[in-house]
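Enquirer: Here it is, the structure, as structure tokens.
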Amino acid sequence: MADYLPHTLEETQQMLSFLGMDSLDQLFAHVPASVRLAQGLDLAPGMSEPDVAAVFAAYSAANTGQLSQLTCYAGAGAYDHEVPAVVKMLASRSEFVTAYTPYQPEVAQGILQAIFEFQTMISRLSGLPVANASLYDGATALVEAVNMAAGATQRHKMLISAGVHPHWRAVVKTFARGTGHEIIEVPLKDGVTDWASADPSDAAAIVAAYPNYLGVLEDMSAVKALSISSGGLFVMCADPLAAGVLKTAGDWGADVFVGEGQPLGTALSFGGPYLGLFACTHEQIRRLPGRIVGETLDSNERRAFVTTLRAREQDIRREKATSNVCTNQTLMAVTAAIQLGWLGTQGFAEVATRSARAAHYLQNELVQIPGVSPVSTQPFFREFALRLPRSASGVLEDLVGEGILGGLSVESLAGVSDPSIDGDTVDVVLIAVTEKRTRAELDRYVEILRKVLS
Amino acid sequence: MADYLPHTLEETQQMLSFLGMDSLDQLFAHVPASVRLAQGLDLAPGMSEPDVAAVFAAYSAANTGQLSQLTCYAGAGAYDHEVPAVVKMLASRSEFVTAYTPYQPEVAQGILQAIFEFQTMISRLSGLPVANASLYDGATALVEAVNMAAGATQRHKMLISAGVHPHWRAVVKTFARGTGHEIIEVPLKDGVTDWASADPSDAAAIVAAYPNYLGVLEDMSAVKALSISSGGLFVMCADPLAAGVLKTAGDWGADVFVGEGQPLGTALSFGGPYLGLFACTHEQIRRLPGRIVGETLDSNERRAFVTTLRAREQDIRREKATSNVCTNQTLMAVTAAIQLGWLGTQGFAEVATRSARAAHYLQNELVQIPGVSPVSTQPFFREFALRLPRSASGVLEDLVGEGILGGLSVESLAGVSDPSIDGDTVDVVLIAVTEKRTRAELDRYVEILRKVLS
Amino acid sequence: MSLPGGRAASAPLLGHEIEPTIFELSVAGRSAYQLRTTEIPETALSDFLPREHLKTKSVALAEVSERDLVGHFTRLSHRQFSVDLGAYPLGSCTMKYNPKFCDAVAADPGLNSVHPGVPASLSQGWLELLVSLEDKLCAITGMAAATLQPAAGAAGELTGLLLMRAYHEANGDQRTRVLIPDSAHGTNPASVTLGGYEVTTIPSNDRGLVDLDALKAALGPDVAGIMLTNPNTLGLFEEEIVEIAEAVHEVGGLLYYDGANLNAILGVIRPGDMGFDIVHMNLHKTFATPHGGGGPGAGPVAVSSRLVEFLPGPRAARREGGGYFWSTPDHSIGRVHGWHGNAMVLARALAYIDVHGGEGLTRVAQHAVLNANWLRERLRATLPAAYDRVCMHECVLTATWLKNEYGVRGLDVAKGLLEEGFHSPTVYFPLIVDEALMFEPTETESLQTLESLASSIERIAERAKTDPEGLHHAPQSTPVSRVDEARAARHLIATEDAAAR
Amino acid sequence: MSLPGGRAASAPLLGHEIEPTIFELSVAGRSAYQLRTTEIPETALSDFLPREHLKTKSVALAEVSERDLVGHFTRLSHRQFSVDLGAYPLGSCTMKYNPKFCDAVAADPGLNSVHPGVPASLSQGWLELLVSLEDKLCAITGMAAATLQPAAGAAGELTGLLLMRAYHEANGDQRTRVLIPDSAHGTNPASVTLGGYEVTTIPSNDRGLVDLDALKAALGPDVAGIMLTNPNTLGLFEEEIVEIAEAVHEVGGLLYYDGANLNAILGVIRPGDMGFDIVHMNLHKTFATPHGGGGPGAGPVAVSSRLVEFLPGPRAARREGGGYFWSTPDHSIGRVHGWHGNAMVLARALAYIDVHGGEGLTRVAQHAVLNANWLRERLRATLPAAYDRVCMHECVLTATWLKNEYGVRGLDVAKGLLEEGFHSPTVYFPLIVDEALMFEPTETESLQTLESLASSIERIAERAKTDPEGLHHAPQSTPVSRVDEARAARHLIATEDAAAR
Ligand SMILES: Cc1ncc(COP(=O)(O)O)c(C=O)c1O
Ligand SMILES: Cc1ncc(COP(=O)(O)O)c(C=O)c1O
């Protein structure tokens with residue numbers, strides 16, 4: 001029987017004797033018999049590691065959508081970027097991997113300083129002065145932003161562009177069941193939020209996405225204007241990589257930035273663990289959810305780092321708390337700091353530029369194919385939606401047969417009808433391109449799609 | 001252009017100015033122009049890491065003999081044993097991987113202590129009191145043993161059983177070109193060394209293998225007797241795993257143990273890096289080749305480790321040296337210490353037992369197949385040689401078609417004729433079995449071989 | 001007994017140099033990145049993007065060589081304590097050994113290179129894995145079904161409370177209060193608030209358990225449910241759990257089980273059998289997925305049959321006749337995660353469960369409880385237990401006498417332990433115990449390690465008598481000495497840019 | 001200039017606890033291993049193996065839990081300096097940064113799970129890789145062909161000498177002596193001896209170079225060849241190399257190039273163009289494969305066309321019309337390795353070469369030389385160079401004046417540097433320089449790191465004036481303080497069992 005316990009039989013016995021007991025069961029003697037399991041768990045017997053490895057190898061083999069087999073154009077917040085060996089190696093150092101939350105700063109400067117560096121990087125790429133130490137993922141980061149807005153404005157009405165990722169909108173709605181916020185989705189027209197269709201008065205937050213989930217770059221100054229006129233916070237959801245070429249949340253005047261940090265060094269990982277990014281203005285700092293690392297001094301007056309403003313956190317204020325986040329996604333934050341350290345100023349801009357360039361190259365070619373048309377004529381970043389002459393999921397299936405993961409069907413993300421798309425979603429495909437795609441791959445995509453559609 | 005240099009253009013310039021120079025070329029001004037390259041190297045331009053990765057992925061794909069595709073029965077000193085994730089993880093810690101030889105013991109206690117533990121483990125499994133810190137591989141370890149014997153006896157005649165791995169014998173012969181040793185191969189009969197056919201008088205060393213490369217367990221007391229009568233050193237080449245069930249070199253009275261340490265935690269690695277093992281009696285300690293770590297005290301009287309007896313080494317005695325080994329295979333020694341730590345007393349015995357058991361199960365079944373006969377009727381450990389009704393390499397090719405790496409042809413190891421095999425080697429296959437092989441796999445081997453031969 | 005083994009005996013955390021930040025190592029123009037050659041025409045950004053969207057100045061990140069990147073983060077790692085370096089008896093956190101095998105499983109590109117948005121047909125292995133994990137978590141907790149989406153324990157709590165709410169609402173039942181014992185973890189009341197409920201705090205009795213009378217007094221038709229962890233945060237088993245469950249159920253309330261302490265009862269007691277309706281688990285505690293310095297975790301929520309229809313979706317499900325598909329329960333509360341939860345953490349936990357099997361998990365709980373009781377008993381004379389009787393997987397000790405006699409507080413003891421090469425216990429939690437020190441040794445620490453830990457604590461208690469000042473200033477041998485936490489909060493410096501100002 | 005970056009600033013090596021050996025952590029009956037379920041009948045050993053072969057008592061290894069195994073080796077790793085922790089200016093060793101990409105390449109099971117004995121048809125990728133590496137090493141050295149078998153530099157040396165011998169023997173030429181300068185690395189004379197030759201030592205002249213007159217005087221028809229490294233071990237280029245080569249060739253001798261210092265001339269000068277006939281390379285130096293705490297390395301030997309027929313075999317070769325096969329040269333000296341050499345090291349080196357390309361390799365050499373010269377110049381007032389002029393990739397400085405004035409020796413300076421968070425330079429080598437300190441910064445260290453290193457050395461020199469005693473006892477802040485090396489040799493304790501006695 002495999003396990004990781006050190007106890008020899010003699011030691012177990014010796015320890016029991018020390019306690020004046022003679023069996024392990026006796027340790028549980030004070031537990032009412034009626035709630036103790038008579039037979040043990042209804043689970044298969046334990047297996048050795050290599051036996052379990054064989055089981056997992058079968059799972060692995062059954063995943064026919066692995067990147068080693070398919071060229072990836074799927075995105076929607078999760079992108080196939082280069083993550084070099086050096087980043088994986090550093091991020092997997094066991095001191096980082098097997099540490100707990102840095103409760104004892106004297107022996108946790110490694111994690112604390114890495115988070116401090118991460119916060120600085122996220123602050124810079126969001127253009128806002130403070131960032132936290134991470135949240136679960138982009139979607140739940142948006143929930144925190146909405147809650148922050150409610151706290152700041154004492155209002156409950158949230159205007160959310162339908163350009164925000166459908167899953168994020170869904171998550172916001174789920175949690176609004178508890179907080180009681182009113183969530184108003186503002187539809188898109190030609191890929192752009194039709195803010196005129198919504199009443200901004202009394203809004204706690206105006207939530208927009210940049211680029212939106214269809215890749216489109218909407219004019220954020222319109223959102224800023226709305227936020228000023230309504231008094232609600234301007235929450236900008238953004239692809240963190242966009243800041244490599246595009247204006248930041250700070251540049252557009254947003255109060256809060258939230259983002260999905262997966263593009264910053266995390267593998268696709270079937271959706272998790274990812275990395276919720278959150279930054280805001282000075283005004284909102286005492287409402288910042290999650291942990292935050294601050295700089296201070298040690299008793300010998302040397303620079304040191306520590307988690308701070310914990311009064312905001314659940315562990316002190318308890319029922320007054322506006323967030324319950326405790327364990328977050330530190331290792332992904334550390335990974336992002338390493339990945340951004342690897343990229344540096346120039347590499348970060350370069351990855352964004354190359355991704356955008358490749359996306360435009362591909363889009364330009366694909367729209368030449370008869371029956372294929374862009375969902376929006378507006379500018380886009382590195383992802384775009386196309387309307388196909390037939391069901392997107394069917395076309396995607398055909399592409400898989402050719403070794404291409406050609407994108408995601410908007411239906412699979414948003415359901416058959418969604419305010420982000422005029423008409424139904426069934427024929428709409430969302431295509432993302434990263435810096436990894438070569439011209440040969442893009443040209444092949446065009447060629448195969450043409451074949452598949454003809 | 002990709003590289004790992006930190007220098008910015010400005011810094012290079014600044015450093016050159018500090019030297020009173022204005023170009024990098026000037027650093028080489030004192031080198032005669034006639035030997036300086038005018039055009040640079042005739043190499044393709046550099047490629048980025050991901051581009052190189054694509055080149056290597058192609059090499060990888062072209063290796064159709066990977067274990068993920070074939071069930072492995074190849075051995076001959078290189079075995080497919082379980083190496084768990086924990087061992088790989090620990091052995092790849094960058095403090096071990098990126099350190100140099102422990103020349104400064106104060107900052108190298110990690111490597112030094114690990115080697116001390118390794119030496120202890122090798123000493124115990126060889127049954128001899130001292131082991132060194134590793135040599136290149138089994139074959140070159142045998143060269144060192146032969147040189148040690150020459151030094152100890154001031155003789156040059158080496159009797160080597162043809163049961164020693166053919167490659168090892170070849171390597172010994174190559175290096176004897178320099179040292180001038182006379183190498184006498186003693187042939188096998190029915191898989192067992194025919195010592196009677198050789199004249200042991202004046203021998204510096206009697207070299208035997210246990211098990212021999214055909215897997216056979218020869219009687220080592222006969223070798224011991226020869227060594228006593230001749231006055232030559234008894235050098236025993238052994239599979240280190242054998243000590244999990246079989247008598248050790250020390251038990252048999254050997255003076256020197258050499259072995260190939262690959263079975264102790266190293267991947268098959270297409271043959272290297274492997275791990276040369278070497279242990280000997282107290283008498284020979286001052287002749288021990290390679291590095292040795294010893295225990296001592298630091299200036300505060302605490303236990304500490306250091307490389308010692310360096311006077312034996314080339315770096316002091318220079319032309320008087322009997323060995324020139326400097327860089328050895330430390331990381332593999334550390335890996336072996338970790339792997340043996342993982343196995344422990346019980347696991348080590350268990351792996352040996354299971355391998356032997358599985359080998360006997362398989363051999364027993366295979367010899368039932370018409371036309372298949374054992375090369376030797378003597379006891380064997382976990383490897384055995386069979387004579388097939390047709391060319392072994394042809395049969396092995398057929399097995400590969402069924403996903404089985406069925407062993408190695410003795411011809412490929414030893415050439416068409418070799419003193420280890422009565423008659424020619426062409427039809428002889430060498431089959432190794434490890435603890436990883438399941439009954440289902442073994443049964444399938446039998447079934448497929450039967451099919452292939454029928 | 002052999003020599004002590006659990007100490008970070010090589011004192012990796014000693015030393016007196018600080019590591020510069022990556023920004024301080026930065027030199028303009030240096031770089032480490034390398035990208036693939038793509039041969040895509042190098043058009044200018046402004047050729048295809050309108051100027052009003054373009055940034056005028058690049059985001060300034062650190063500019064370092066790969067060599068400096070590696071040196072920096074390797075040195076930072078040497079400034080970090082971790083399970084792999086030594087014993088980490090941090091109460092409530094279950095810092096057990098994280099098997100490397102589980103990490104290897106998660107490193108398989110066949111799992112981690114799958115995009116979360118691919119159709120189920122391309123991710124059958126993943127769906128099968130998720131179903132297997134869900135089944136096993138249900139078997140372990142005695143529940144009917146589970147969602148794997150919540151990314152950590154607190155996310156599970158809130159999800160559970162929303163399920164509670166959905167259940168009552170479906171019954172047309174408007175309830176407003178949730179009961180929580182005063183010993184509860186801080187996330188519990190926070191989650192209740194975010195779930196739209198009011199917290200009613202139930203006091204503990206003099207045995208450290210829920211005061212049953214007070215509980216009954218607090219119950220009423222407006223009570224949606226109660227959140228409990230059992231064993232509670234004192235490491236004590238709520239012996240009247242059956243009565244508690246009956247009382248809460250009686251008024252139509254539901255019982256929520258905070259599974260942070262599940263390690264104590266694995267394979268011995270099932271929350272379902274105690275009457276719980278909703279259970280979250282911390283896979284990063286009980287199921288040994290590494291904590292990553294503060295996450296990622298995973299907080300699946302399992303529920304009894306009457307709550308299944310409300311579970312978040314989509315959930316992986318087995319198709320009659322083979323294969324797997326995504327399905328969303330009829331009255332699902334909706335998504336609680338952007339995708340399917342922290343999948344790589346889920347995979348690790350399943351590997352852990354599969355290695356152990358039922359019997360192995362039972363042994364885990366038994367030895368976790370054995371270790372905690374041994375330590376409690378061993379320290380009896382040095383740090384008495386807050387409640388002096390058999391505990392479960394952790395024990396809450398108190399340093400009150402050291403404070404009273406020598407002015408040495410629990411915090412000083414904790415900091416002194418850092419200097420001894422051990423991680424500190426949890427301090428000042430639960431709030432109801434004076435000078436609380438909460439030790440959770442976990443089952444993977446050996447008797448030798450526990451003995452070594454106990455000796456260190458004894459040494460500290462001795463030192464309290466002769467050198468209390470020294471302890472107030474401990475630790476000194478760590479990468480930084482005692483950190484001024486108040487200062488950090490007073491002048492917030494959360495980024496290098498704030499530091500530079 | 002930003003803050004210093006190369007120091008092991010978190011001082012991972014400080015601290016005062018020793019780590020027990022794994023045997024001291026061992027407890028009988030504990031275990032960590034897990035093996036596959038095979039369902040092979042569990043027959044007794046004695047059923048199939050004769051008793052006279054069976055061991056009566058198991059080999060006693062350490063018995064530890066996986067958790068303790070991990071803790072032990074992780075703590076040991078924290079007691080070990082490495083390139084990834086800080087600057088490592090160890091002369092002659094080329095401790096440059098080892099790109100992690102190359103390790104990742106070598107971790108591919110498509111390479112590392114291939115058995116070395118499989119037929120060439122199953123390992124075409126490997127053969128192609130080896131051919132590609134051989135071609136590129138030849139282009140770099142200006143040679144015709146190479147063997148990749150030698151496992152390290154010294155193995156390459158001996159292989160090269162056996163090639164020299166085979167060449168002369170094939171010419172019916174019995175030669176007995178090999179010339180070696182007095183500055184040579186210790187492996188050179190040892191290899192010559194094992195190659196069956198006598199060593200004739202050639203003195204250096206007052207410029208630190210081979211004394212051409214002495215060389216000529218030593219030449220004769222009995223000279224098989226000369227072994228040189230150029231730049232030599234003083235870091236100085238043998239400017240008369242053309243004359244040396246002519247003189248040696250004149251008497252029918254061959255020139256052997258010890259490639260340990262190839263990093264200095266990569267892409268700038270080729271050994272072949274200098275007249276060398278045989279070249280070994282240390283891939284673990286020049287081509288950045290990590291040194292592993294003392295190996296594995298790889299020491300391929302490249303030769304000019306007249307020696308190709310003697311190379312060890314089998315060698316991977318390209319087949320006309322596609323595909324690869326093994327071939328052994330007609331007059332091969334035979335195998336020098338059990339299989340094909342240290343294949344995974346070879347793969348790393350090829351990846352390194354491919355990333356750089358020709359131009360990148362030239363930049364490597366240029367900046368290695370730039371760094372060494374900058375450091376030499378920067379330290380001019382503190383530690384003068386043994387030969388005061390432009391050096392190549394390393395510089396040999398001398399602490400003679402510190403010894404004379406304050407009694408502080410080179411070793412004390414080296415040990416002091418450990419306390420400063422840097423690895424020491426090579427000390428007392430080459431033997432011909434008094435109080436030698438040989439610094440090789442390598443090209444991957446930044447200007448900031450070099451500046452920081454220089455400041456540390458200046459601090460030590462200052463300390464020599466005021467606190468020479470302190471330096472005699474340095475280092476104190478490392479895991480162990482100065483180690484008694486003599487004691488270890490006096491009472492050899494090479495195993496735990498010897499220690500226990
Ligand atoms: C008792 C208890 N409940 C809940 C939690 C919250 O879990 P998480 O940190 O995963 O959000 C914790 C963890 O600290 C805990 O100890
Ligand atoms: C100049 C010189 N020659 C030869 C060698 C021997 O190389 P290796 O240690 O790889 O055997 C070295 C390495 O230390 C060296 O510096």
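Identifiers for the structure tokens are assigned positionally: chains receive A, B, ... in sequence, residues are indexed from 1 per chain, and ligands are indexed from 1 in the order shown.
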I need the residues in range 180-422 of chain D that are helix (DSSP H, G or I) according to DSSP; give them as a PyMOL selection string.

Expert: chain D and resi 187-194+212-218+241-250+262-264+271-274+305-310+343-378+400-406+410-419

Enquirer: Could you please extract the residues within 6 Å of ligand 2, counting only C-alpha atoms and all ligand atoms, and hand them back as a list in words?

Expert: Val325, Cys326 and Thr327 of chain B; Ser92, Cys93, Ala152, Gly153, Ala154, His185, Thr187, Asp258, Ala260, Asn282 and Gly297 of chain D

Enquirer: Any chance you could export the current selection's N, CA and C atoms as a PDB file, in the first residue's frame?

Expert:
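Final output, saved to part.pdb:
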```
ATOM      1  N   VAL B 325      42.071  11.225 -14.757  1.00  0.00           N
ATOM      2  CA  VAL B 325      40.668  11.662 -14.651  1.00  0.00           C
ATOM      3  C   VAL B 325      40.553  12.935 -13.831  1.00  0.00           C
ATOM      4  N   CYS B 326      39.813  13.879 -14.330  1.00  0.00           N
ATOM      5  CA  CYS B 326      39.594  15.132 -13.626  1.00  0.00           C
ATOM      6  C   CYS B 326      38.076  15.287 -13.498  1.00  0.00           C
ATOM      7  N   THR B 327      37.424  15.933 -14.449  1.00  0.00           N
ATOM      8  CA  THR B 327      35.957  15.949 -14.461  1.00  0.00           C
ATOM      9  C   THR B 327      35.468  14.502 -14.527  1.00  0.00           C
TER      10      THR B 327
ATOM     11  N   SER D  92      40.122  28.840 -15.680  1.00  0.00           N
ATOM     12  CA  SER D  92      40.332  27.605 -16.406  1.00  0.00           C
ATOM     13  C   SER D  92      39.057  26.755 -16.482  1.00  0.00           C
ATOM     14  N   CYS D  93      38.002  27.176 -15.782  1.00  0.00           N
ATOM     15  CA  CYS D  93      36.810  26.330 -15.694  1.00  0.00           C
ATOM     16  C   CYS D  93      35.632  26.849 -16.512  1.00  0.00           C
ATOM     17  N   ALA D 152      35.138  13.459 -21.097  1.00  0.00           N
ATOM     18  CA  ALA D 152      35.560  14.713 -20.481  1.00  0.00           C
ATOM     19  C   ALA D 152      36.852  15.144 -21.155  1.00  0.00           C
ATOM     20  N   GLY D 153      37.362  16.282 -20.719  1.00  0.00           N
ATOM     21  CA  GLY D 153      38.557  16.819 -21.349  1.00  0.00           C
ATOM     22  C   GLY D 153      39.733  15.869 -21.254  1.00  0.00           C
ATOM     23  N   ALA D 154      39.971  15.332 -20.072  1.00  0.00           N
ATOM     24  CA  ALA D 154      41.127  14.458 -19.886  1.00  0.00           C
ATOM     25  C   ALA D 154      41.005  13.204 -20.741  1.00  0.00           C
ATOM     26  N   HIS D 185      48.144  22.415 -17.606  1.00  0.00           N
ATOM     27  CA  HIS D 185      47.218  21.803 -16.644  1.00  0.00           C
ATOM     28  C   HIS D 185      47.701  20.406 -16.308  1.00  0.00           C
ATOM     29  N   THR D 187      46.362  17.592 -16.034  1.00  0.00           N
ATOM     30  CA  THR D 187      45.916  16.432 -16.811  1.00  0.00           C
ATOM     31  C   THR D 187      46.831  16.181 -17.992  1.00  0.00           C
ATOM     32  N   ASP D 258      44.910  21.604 -26.392  1.00  0.00           N
ATOM     33  CA  ASP D 258      44.045  21.390 -25.217  1.00  0.00           C
ATOM     34  C   ASP D 258      42.975  22.474 -25.265  1.00  0.00           C
ATOM     35  N   ALA D 260      40.575  23.406 -23.491  1.00  0.00           N
ATOM     36  CA  ALA D 260      39.908  23.940 -22.299  1.00  0.00           C
ATOM     37  C   ALA D 260      39.751  25.456 -22.394  1.00  0.00           C
ATOM     38  N   ASN D 282      36.274  20.993 -24.366  1.00  0.00           N
ATOM     39  CA  ASN D 282      35.501  20.719 -23.158  1.00  0.00           C
ATOM     40  C   ASN D 282      34.115  21.317 -23.367  1.00  0.00           C
ATOM     41  N   GLY D 297      30.840  15.781 -18.230  1.00  0.00           N
ATOM     42  CA  GLY D 297      31.265  16.687 -19.275  1.00  0.00           C
ATOM     43  C   GLY D 297      31.241  15.944 -20.591  1.00  0.00           C
TER      44      GLY D 297
END
```

Enquirer: Using only C-alpha atoms, I'd like a table of the residues in chain C that come within 7 Å of chain B; for each, show the closest atom pair and its distance in Å rounded to one decimal, ordered by chain and ascending number, as JSON lines.

Expert:
```
{"residue": "C:Gly29", "atom": "CA", "partner": "B:Thr8", "partner_atom": "CA", "distance": 5.9}
{"residue": "C:Arg30", "atom": "CA", "partner": "B:Thr8", "partner_atom": "CA", "distance": 5.8}
{"residue": "C:Gln34", "atom": "CA", "partner": "B:Ser48", "partner_atom": "CA", "distance": 5.4}
{"residue": "C:Leu35", "atom": "CA", "partner": "B:Ser48", "partner_atom": "CA", "distance": 6.0}
{"residue": "C:Arg36", "atom": "CA", "partner": "B:Pro50", "partner_atom": "CA", "distance": 5.3}
{"residue": "C:Thr37", "atom": "CA", "partner": "B:Asp51", "partner_atom": "CA", "distance": 6.7}
{"residue": "C:Ser65", "atom": "CA", "partner": "B:Pro6", "partner_atom": "CA", "distance": 5.1}
{"residue": "C:Glu66", "atom": "CA", "partner": "B:Tyr4", "partner_atom": "CA", "distance": 6.4}
{"residue": "C:Lys100", "atom": "CA", "partner": "B:Val86", "partner_atom": "CA", "distance": 5.1}
{"residue": "C:Phe101", "atom": "CA", "partner": "B:Ala85", "partner_atom": "CA", "distance": 5.2}
{"residue": "C:Ala104", "atom": "CA", "partner": "B:Ala85", "partner_atom": "CA", "distance": 6.2}
```

Enquirer: Give me a file of those residues, with N, CA and C atoms, as a tab-separated table (two decimals), in the first residue's frame.

Expert:
```tsv
chain	number	residue	atom	x	y	z
C	29	GLY	N	18.31	48.31	-22.47
C	29	GLY	CA	18.89	47.71	-23.66
C	29	GLY	C	19.27	46.26	-23.50
C	30	ARG	N	19.29	45.80	-22.29
C	30	ARG	CA	19.59	44.39	-22.06
C	30	ARG	C	18.33	43.55	-22.33
C	34	GLN	N	13.78	35.40	-26.52
C	34	GLN	CA	14.07	34.90	-27.86
C	34	GLN	C	12.75	34.44	-28.45
C	35	LEU	N	12.42	34.87	-29.63
C	35	LEU	CA	11.16	34.47	-30.25
C	35	LEU	C	11.41	33.74	-31.57
C	36	ARG	N	10.44	32.95	-31.90
C	36	ARG	CA	10.48	32.15	-33.12
C	36	ARG	C	10.60	33.04	-34.37
C	37	THR	N	11.26	32.54	-35.36
C	37	THR	CA	11.29	33.23	-36.66
C	37	THR	C	9.98	32.89	-37.38
C	65	SER	N	19.52	40.27	-18.40
C	65	SER	CA	19.95	39.12	-19.18
C	65	SER	C	19.33	37.86	-18.58
C	66	GLU	N	19.29	36.80	-19.37
C	66	GLU	CA	18.75	35.54	-18.84
C	66	GLU	C	19.57	35.10	-17.63
C	100	LYS	N	6.08	14.59	-5.39
C	100	LYS	CA	6.57	15.11	-6.66
C	100	LYS	C	5.93	14.40	-7.84
C	101	PHE	N	5.48	13.20	-7.57
C	101	PHE	CA	4.78	12.46	-8.61
C	101	PHE	C	3.58	13.26	-9.12
C	104	ALA	N	4.59	15.84	-11.44
C	104	ALA	CA	4.99	15.27	-12.73
C	104	ALA	C	3.75	14.99	-13.58
```

Enquirer: Could you report the residues within 10 Å of ligand 1, using only C-alpha atoms and all ligand atoms, as a PyMOL selection string?

Expert: (chain A and resi 100-101+314-315+324-328) or (chain C and resi 90-94+150-158+183-188+191+228-234+257-262+280-285+291+294-299+429-430)

Enquirer: What is the distance, in Å and to one decimal place, between CA of Val452 in chain A and CA of His115 in chain C?

Expert: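 If I compute the distance from CA of Val452 in chain A to CA of His115 in chain C, I get 22.7 Å.
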
Enquirer: If you measure from CA of Phe305 in chain A to CA of Ala494 in chain C, what distance in Å do you get, rounded to one decimal?

Expert: 9.4 Å
